[in-house]
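Peer 1: Below are the structure tokens for one structure; questions will follow.
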Number of protein chains: 2
Amino acid sequence: MLNPERRVRLDDVAAEVGLSTASVSLVLRGAPGPSAATRERVLAAAERLGYRPDRAASLLAAHRSRLIGVLLDVRSTFHAELVEDLHETVEQHGYDLVLSTITRSRGEQRAIETLLDSRCEALVLLGPEAPAKRLVALDRQVPVVTVSRRVGAAEVDVVRVADDVGVGQAVEHLTGLGHRDIAYLDGGPGLIAAERCRGYQGAMRGAGLAERSRVLPGGPDEEAGMQVARALLDTGEPLPTAVVAFNDRSAVGLLDVFVRSGVDVPGQVSVVGYDDDLVARLAHVALTTVGQDTRKLTEHAIALLVERLDGTRTEHREVVLPPYLVIRGTTGPPRTT
Amino acid sequence: MLNPERRVRLDDVAAEVGLSTASVSLVLRGAPGPSAATRERVLAAAERLGYRPDRAASLLAAHRSRLIGVLLDVRSTFHAELVEDLHETVEQHGYDLVLSTITRSRGEQRAIETLLDSRCEALVLLGPEAPAKRLVALDRQVPVVTVSRRVGAAEVDVVRVADDVGVGQAVEHLTGLGHRDIAYLDGGPGLIAAERCRGYQGAMRGAGLAERSRVLPGGPDEEAGMQVARALLDTGEPLPTAVVAFNDRSAVGLLDVFVRSGVDVPGQVSVVGYDDDLVARLAHVALTTVGQDTRKLTEHAIALLVERLDGTRTEHREVVLPPYLVIRGTTGPPRTT
DNA sequence: GCGAGGTTTTAAAGCGCTTTAATACCGAGT
DNA sequence: ACTCGGTATTAAAGCGCTTTAAAACCTCGC
């Protein structure tokens with residue numbers, strides 16, 4: 001139908017310089033053999049002809065694909081950041097990325113199969129939900145590293161951030177400002193929520209504030225934050241001087257109700273979120289929160305995979321990184337009244 | 001069921017049922033030829049052995065890849081929604097998707113090349129920024145459809161939403177509620193902003209409110225909305241009874257300043273955004289806004305590509321869809337004072 | 001029992017590239 | 001002149017699948 005100009009192939013380049021396809025192939029991949037002079041001629045010809053290797057053919061012929069598959073949820077802004085960093089990181093190792101997202105109608109399993117079908121040599125799973133068993137099975141086919149997900153048994157490589165430490169940092173920041181009545185807005189059920197809550201309790205204990213600990217049952221979204229804020233206001237009792245929220249979304253819900261009710265933040269109450277979501281960074285929100293170093297996260301993930309691909313390591317590892325506090329405008333010294 | 005050993009190939013399945021690979025291949029792709037009995041045997045064997053065709057090999061051998069490439073910005077929530085819908089849509093046409101995102105260090109050109117290298121038969125470009133010339137050149141290599149982007153010359157297929165109409169709907173909604181002092185918070189320079197502004201002015205004129213038109217110079221983000229809100233409050237003059245904003249982000253900035261200043265929304269001022277961003281849907285924002293039907297957008301995009309792939313159509317088309325109003329909590333009757 | 005005419009099946013030629021074993025080449029050394 | 005040890009180049013065998021022309025196998029009617 002269309003496509004008048006045939007795609008340029010290896011033979012075309014070879015013919016152009018009067019060499020065999022073998023030589024051209026070697027040059028193009030920087031393999032040892034061809035002389036410097038040849039290299040130059042070939043490279044020039046390839047450039048001139050606008051040659052682009054055919055992925056499918058390379059994949060088939062070479063036994064390596066130099067492709068790393070990434071499972072993500074395209075709706076997640078956090079995953080988006082990770083993907084950005086992954087792109088840069090894998091490039092440095094000479095790999096390329098293949099993206100596969102879950103959607104309403106496209107389960108994790110399905111998305112992973114796509115990656116496998118693309119001949120990925122290894123997989124990065126961002127916040128996978130598959131049972132550990134399945135991950136382990138998958139890991140037998142191809143090296144797998146999960147990011148931001150605890151896998152019960154240490155039979156799969158994991159890179160994650162120490163959430164309890166992050167919440168601890170938030171609490172310390174507040175105690176450092178002089179706060180003593182620091183409440184925690186819980187995130188509901190789930191491993192992550194549990195760990196963050198544990199971090200809160202540990203930090204309160206560490207600050208000698210154990211008996212002032214106050215965990216407010218909540219949830220992971222704005223709605224939950226709003227409800228808790230309303231409940232807090234309705235009691236008529238004095239508000240805590242600071243609230244550490246499970247995540248930025250619930251913190252924003254809380255903030256919103258406070259602001260609408262005329263509660264000054266941070267004048268009357270300080271609020272800390274968690275995740276350093278895009279929303280936390282908005283000028284009008286300026287939420288103090290806890291962030292994760294996505295760059296380090298991805299670098300470790302790729303490093304783990306590369307080690308396994310190179311056969312340097314066979315046992316499994318878990319890398320736990322420390323998060324860091326991002327101080328913005330929602331925290332300040334406690335009210336004096 | 002799964003094999004710890006070598007990957008199962010077509011020969012393995014063929015051997016299992018005692019047929020040639022040709023027959024198996026035909027069956028597996030539903031091609032005509034094999035008898036019903038054979039079909040069944042082959043399918044069963046393939047299932048039993050856990051056969052998965054090798055993409056690379058298929059791509060190479062078949063001249064079609066049945067792959068459609070998508071260029072997106074993984075950070076955009078709007079693109080995320082489109083990708084979700086695209087997945088479902090292409091599936092119905094028997095195609096599969098390949099995703100390629102731009103990042104800070106990975107330009108559009110680069111991302112597109114990746115898609116081409118993967119042998120995509122056609123491309124969906126979400127909000128591309130490349131100059132029209134380049135898009136046209138690309139379109140000569142492979143059918144291209146751009147989504148949400150006006151391409152000057154109609155030399156590339158385009159699917160987009162009529163932004164002017166959307167803003168018009170917003171204005172009509174407000175006039176319907178009785179508003180007459182409706183201001184427009186502009187989005188700064190750019191084609192999109194211009195079109196939306198035109199929509200506002202046209203609608204005001206249509207409602208006989210031309211001389212009440214009031215375009216407030218602004219920008220596309222929260223910051224801009226905040227500034228405009230402050231400026232509006234500072235003048236001391238009465239506020240307009242309603243503001244239509246360039247997009248949800250600027251609307252949120254505006255809203256935020258209003259709320260913090262004790263201005264009741266929608267009691268004193270109604271606010272309408274544009275885009276139906278995730279942020280507009282948050283319970284505590286509940287922004288009345290204008291949305292686009294991502295489903296229709298993707299369906300048209302894919303339909304256009306399929307037509308061209310099938311050779312049904314050779315000239316170019318532009319599909320313009322109407323947006324729709326989403327009425328939430330930030331609009332109401334005008335204040336009576 | 002035989003061939004026409006239809007249905008199933010298969011042999012074999014690639015797809016565009018990688019890779020390895022083998023060949024060609026080129027002084028240096030004897 | 002002639003081998004030797006490199007180095008530079010290439011022929012050729014795939015990679016796992018698709019596809020088409022041809023072969024094999026069927027009825028069935030006469």
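Residues in the structure tokens are numbered from 1 in each chain, the chains being A, B, ... in the order shown, and ligands are numbered from 1 in the order shown.
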What is the Cα root-mean-square deviation, to one decimal place in Å, for chain A superposed on chain B with all Cα atoms matched in order?
Peer 2: 1.5 Å
Peer 1: Apply DSSP to the backbone of this structure and, from segment 82-229 of chain A, keep only the residues in strand (DSSP E or B); write these as a ChimeraX atom specification.
Peer 2: /A:96-103,106,122-126,144-147,157-161,182-185,214-216
Peer 1: What are the closest atom pairs, with distances in Å to one decimal, for all residues of chain D lying within 7 Å of chain A? Consider only C-alpha atoms (C1' of nucleotides), order rows by chain and residue number, and present the result as a Markdown table.
Peer 2:
```
| residue | atom | partner | partner_atom | distance |
| --- | --- | --- | --- | --- |
| D:DA8 | C1' | A:Pro34 | CA | 6.1 |
| D:DT9 | C1' | A:Ser23 | CA | 6.9 |
| D:DT10 | C1' | A:Ser20 | CA | 6.3 |
| D:DC15 | C1' | A:Ala61 | CA | 4.6 |
```
Peer 1: Keeping only C-alpha atoms (C1' of nucleotides), write the selected residues as a compact mmCIF listing (two decimals), in the first residue's frame.
Peer 2:
```
# COMPACT_ATOMS: atom_id res chain seq x y z
C1' DA D 8 40.73 -8.16 9.44
C1' DT D 9 37.05 -10.08 6.91
C1' DT D 10 33.51 -13.24 5.50
C1' DC D 15 17.22 -17.57 15.81
```
Peer 1: With only C-alpha atoms as the basis for distance, which of B:Arg48, B:Arg160, B:Arg196, B:His284 is at the shortest distance from chain A?
Peer 2: B:His284
Peer 1: Taking only C-alpha atoms into account, report as a PyMOL selection string which residues of chain B lie within 7 Å of chain A.
Peer 2: chain B and resi 54-57+59-60+74-75+77+80+84+99+103+117-118+140-141+223+253+259-260+283-284+311
Peer 1: I'd like the contact shell of segment 19-27 of chain D - 8 Å cut-off, only C-alpha atoms (C1' of nucleotides), skipping same-chain residues fewer than 2 positions apart - returned as a list in words.
Peer 2: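 Near segment 19-27 of chain D, the qualifying residues are DT7, DT8, DT9 and DT10 of chain C.
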Peer 1: Go ahead and write the selection's residues with C-alpha atoms (C1' of nucleotides) as a PDB file, in the first residue's frame.
Peer 2:
```
ATOM      1  C1'  DT C   7      -9.768 -30.233   1.577  1.00  0.00           C
ATOM      2  C1'  DT C   8      -5.579 -30.883   4.707  1.00  0.00           C
ATOM      3  C1'  DT C   9      -0.989 -30.978   5.419  1.00  0.00           C
ATOM      4  C1'  DT C  10       3.781 -30.003   4.670  1.00  0.00           C
TER       5       DT C  10
END
```
Peer 1: When distances are computed from only C-alpha atoms (C1' of nucleotides), which of A:Arg39, A:Lys133, A:Arg308, A:Arg64 shows the smallest separation from chain C?
Peer 2: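 Going through A:Arg39, A:Lys133, A:Arg308, A:Arg64 one by one, the smallest distance to chain C is for A:Arg64.
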Peer 1: How close does chain C get to chain A? List, as a Markdown table, each residue of chain C within 12 Å, its nearest atom pair and the distance in Å to one decimal, counting only C-alpha atoms (C1' of nucleotides).
Peer 2:
```
| residue | atom | partner | partner_atom | distance |
| --- | --- | --- | --- | --- |
| C:DC15 | C1' | A:Ala57 | CA | 7.7 |
| C:DG16 | C1' | A:Ala57 | CA | 5.1 |
| C:DC17 | C1' | A:Ser58 | CA | 5.0 |
| C:DT18 | C1' | A:Ala61 | CA | 5.1 |
| C:DT19 | C1' | A:Ala62 | CA | 8.1 |
| C:DT20 | C1' | A:Ala22 | CA | 10.9 |
```
Peer 1: For the atom pair atom CA of Gln268 of chain A and atom CA of Pro334 of chain A, what is the interatomic distance in Å to one decimal place?
Peer 2: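 It comes out at 6.9 Å.
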Peer 1: One decimal, in Å: what's the spacing between atom CA of Gly18 of chain B and atom C1' of DG5 of chain C?
Peer 2: 27.5 Å
Peer 1: Just want the 8 Å neighbourhood of segment 44-46 of chain A, counted on only C-alpha atoms (C1' of nucleotides), with same-chain residues fewer than 3 positions away dropped. Output as a list in words.
Peer 2: Val13, Glu16, Val17, Glu40, Arg41, Leu49, Gly50 and Tyr51 of chain A
Peer 1: Any idea what the distance is between atom CA of Gly225 of chain A and atom CA of Gly273 of chain A?
Peer 2: 10.8 Å
Peer 1: Need the shell around DG29 of chain C: protein/DNA/RNA residues with any atom at most 12 Å away, counting only C-alpha atoms (C1' of nucleotides). Skip same-chain ones fewer than 2 positions apart. Format as a ChimeraX atom specification?
Peer 2: /C:27 /D:2-5
Peer 1: Would you please give, as a CSV table (one decimal) with C-alpha atoms, in the first residue's frame, all residues of segment 149-238 of chain B that DSSP assigns to helix (DSSP H, G or I) based on the backbone?
Peer 2:
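After the write, part-v7.csv holds the following:
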```
chain,number,residue,atom,x,y,z
B,163,ASP,CA,-12.2,23.5,23.4
B,164,ASP,CA,-14.1,26.6,22.4
B,165,VAL,CA,-17.3,24.6,22.6
B,166,GLY,CA,-16.4,23.4,26.0
B,167,VAL,CA,-15.9,26.8,27.4
B,168,GLY,CA,-19.1,27.8,25.7
B,169,GLN,CA,-20.9,25.1,27.6
B,170,ALA,CA,-19.4,26.4,30.8
B,171,VAL,CA,-20.7,29.9,30.1
B,172,GLU,CA,-24.1,28.6,29.2
B,173,HIS,CA,-24.3,26.7,32.3
B,174,LEU,CA,-23.6,29.8,34.3
B,175,THR,CA,-26.0,32.0,32.3
B,176,GLY,CA,-28.6,29.3,32.8
B,177,LEU,CA,-28.1,29.7,36.5
B,191,LEU,CA,-3.0,27.8,20.8
B,192,ILE,CA,-5.1,26.0,23.4
B,193,ALA,CA,-5.5,29.1,25.5
B,194,ALA,CA,-6.4,31.1,22.5
B,195,GLU,CA,-9.1,28.7,21.5
B,196,ARG,CA,-10.7,28.5,24.9
B,197,CYS,CA,-10.7,32.3,25.2
B,198,ARG,CA,-12.4,32.5,21.9
B,199,GLY,CA,-15.0,30.1,23.1
B,200,TYR,CA,-15.6,32.3,26.1
B,201,GLN,CA,-16.0,35.5,24.1
B,202,GLY,CA,-18.2,33.8,21.6
B,203,ALA,CA,-20.5,32.5,24.3
B,204,MET,CA,-20.7,35.8,26.1
B,205,ARG,CA,-21.6,37.4,22.8
B,206,GLY,CA,-24.2,34.7,22.1
B,210,ALA,CA,-20.6,40.8,25.1
B,211,GLU,CA,-20.0,44.1,26.9
B,212,ARG,CA,-19.7,42.3,30.2
B,222,GLU,CA,-2.2,27.1,40.4
B,223,GLU,CA,0.1,29.9,40.9
B,224,ALA,CA,-1.6,31.9,38.2
B,225,GLY,CA,-5.0,31.2,39.6
B,226,MET,CA,-3.8,32.4,43.0
B,227,GLN,CA,-2.4,35.6,41.7
B,228,VAL,CA,-5.6,36.4,39.8
B,229,ALA,CA,-7.7,35.7,42.8
B,230,ARG,CA,-5.6,38.0,45.0
B,231,ALA,CA,-5.7,40.7,42.4
B,232,LEU,CA,-9.5,40.4,42.2
B,233,LEU,CA,-9.8,40.6,46.0
B,234,ASP,CA,-7.4,43.5,46.3
```
Peer 1: Identify, on the basis of only C-alpha atoms (C1' of nucleotides), every residue whose closest approach to DA21 of chain C does not exceed 12 Å; exclude the query and any residue fewer than 3 positions from it along the same chain; express the result as a PDB file with N, CA and C atoms (P, O5', C5', C4', C3', O3' and C1' of nucleotides), in the first residue's frame.
Peer 2:
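result07.pdb written:
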```pdb
ATOM      1  P    DT D  10      34.456  -8.420   3.977  1.00  0.00           P
ATOM      2  O5'  DT D  10      34.165  -9.962   4.109  1.00  0.00           O
ATOM      3  C5'  DT D  10      34.935 -10.886   3.335  1.00  0.00           C
ATOM      4  C4'  DT D  10      34.418 -12.277   3.583  1.00  0.00           C
ATOM      5  C3'  DT D  10      32.914 -12.433   3.383  1.00  0.00           C
ATOM      6  O3'  DT D  10      32.697 -13.657   2.717  1.00  0.00           O
ATOM      7  C1'  DT D  10      33.514 -13.236   5.498  1.00  0.00           C
ATOM      8  P    DA D  11      31.534 -13.759   1.698  1.00  0.00           P
ATOM      9  O5'  DA D  11      31.332 -15.345   1.743  1.00  0.00           O
ATOM     10  C5'  DA D  11      32.460 -16.188   1.977  1.00  0.00           C
ATOM     11  C4'  DA D  11      32.001 -17.476   2.628  1.00  0.00           C
ATOM     12  C3'  DA D  11      30.612 -17.955   2.218  1.00  0.00           C
ATOM     13  O3'  DA D  11      30.672 -19.367   2.195  1.00  0.00           O
ATOM     14  C1'  DA D  11      30.628 -17.495   4.555  1.00  0.00           C
ATOM     15  P    DA D  12      29.456 -20.219   1.725  1.00  0.00           P
ATOM     16  O5'  DA D  12      28.790 -20.536   3.137  1.00  0.00           O
ATOM     17  C5'  DA D  12      29.614 -21.013   4.204  1.00  0.00           C
ATOM     18  C4'  DA D  12      28.748 -21.244   5.422  1.00  0.00           C
ATOM     19  C3'  DA D  12      27.309 -21.659   5.098  1.00  0.00           C
ATOM     20  O3'  DA D  12      26.906 -22.533   6.118  1.00  0.00           O
ATOM     21  C1'  DA D  12      27.256 -19.743   6.389  1.00  0.00           C
ATOM     22  P    DA D  13      25.774 -23.566   5.860  1.00  0.00           P
ATOM     23  O5'  DA D  13      25.377 -23.984   7.351  1.00  0.00           O
ATOM     24  C5'  DA D  13      26.389 -23.971   8.370  1.00  0.00           C
ATOM     25  C4'  DA D  13      25.765 -23.457   9.652  1.00  0.00           C
ATOM     26  C3'  DA D  13      24.315 -23.912   9.842  1.00  0.00           C
ATOM     27  O3'  DA D  13      24.110 -24.205  11.208  1.00  0.00           O
ATOM     28  C1'  DA D  13      24.414 -21.580   9.923  1.00  0.00           C
TER      29       DA D  13
END
```
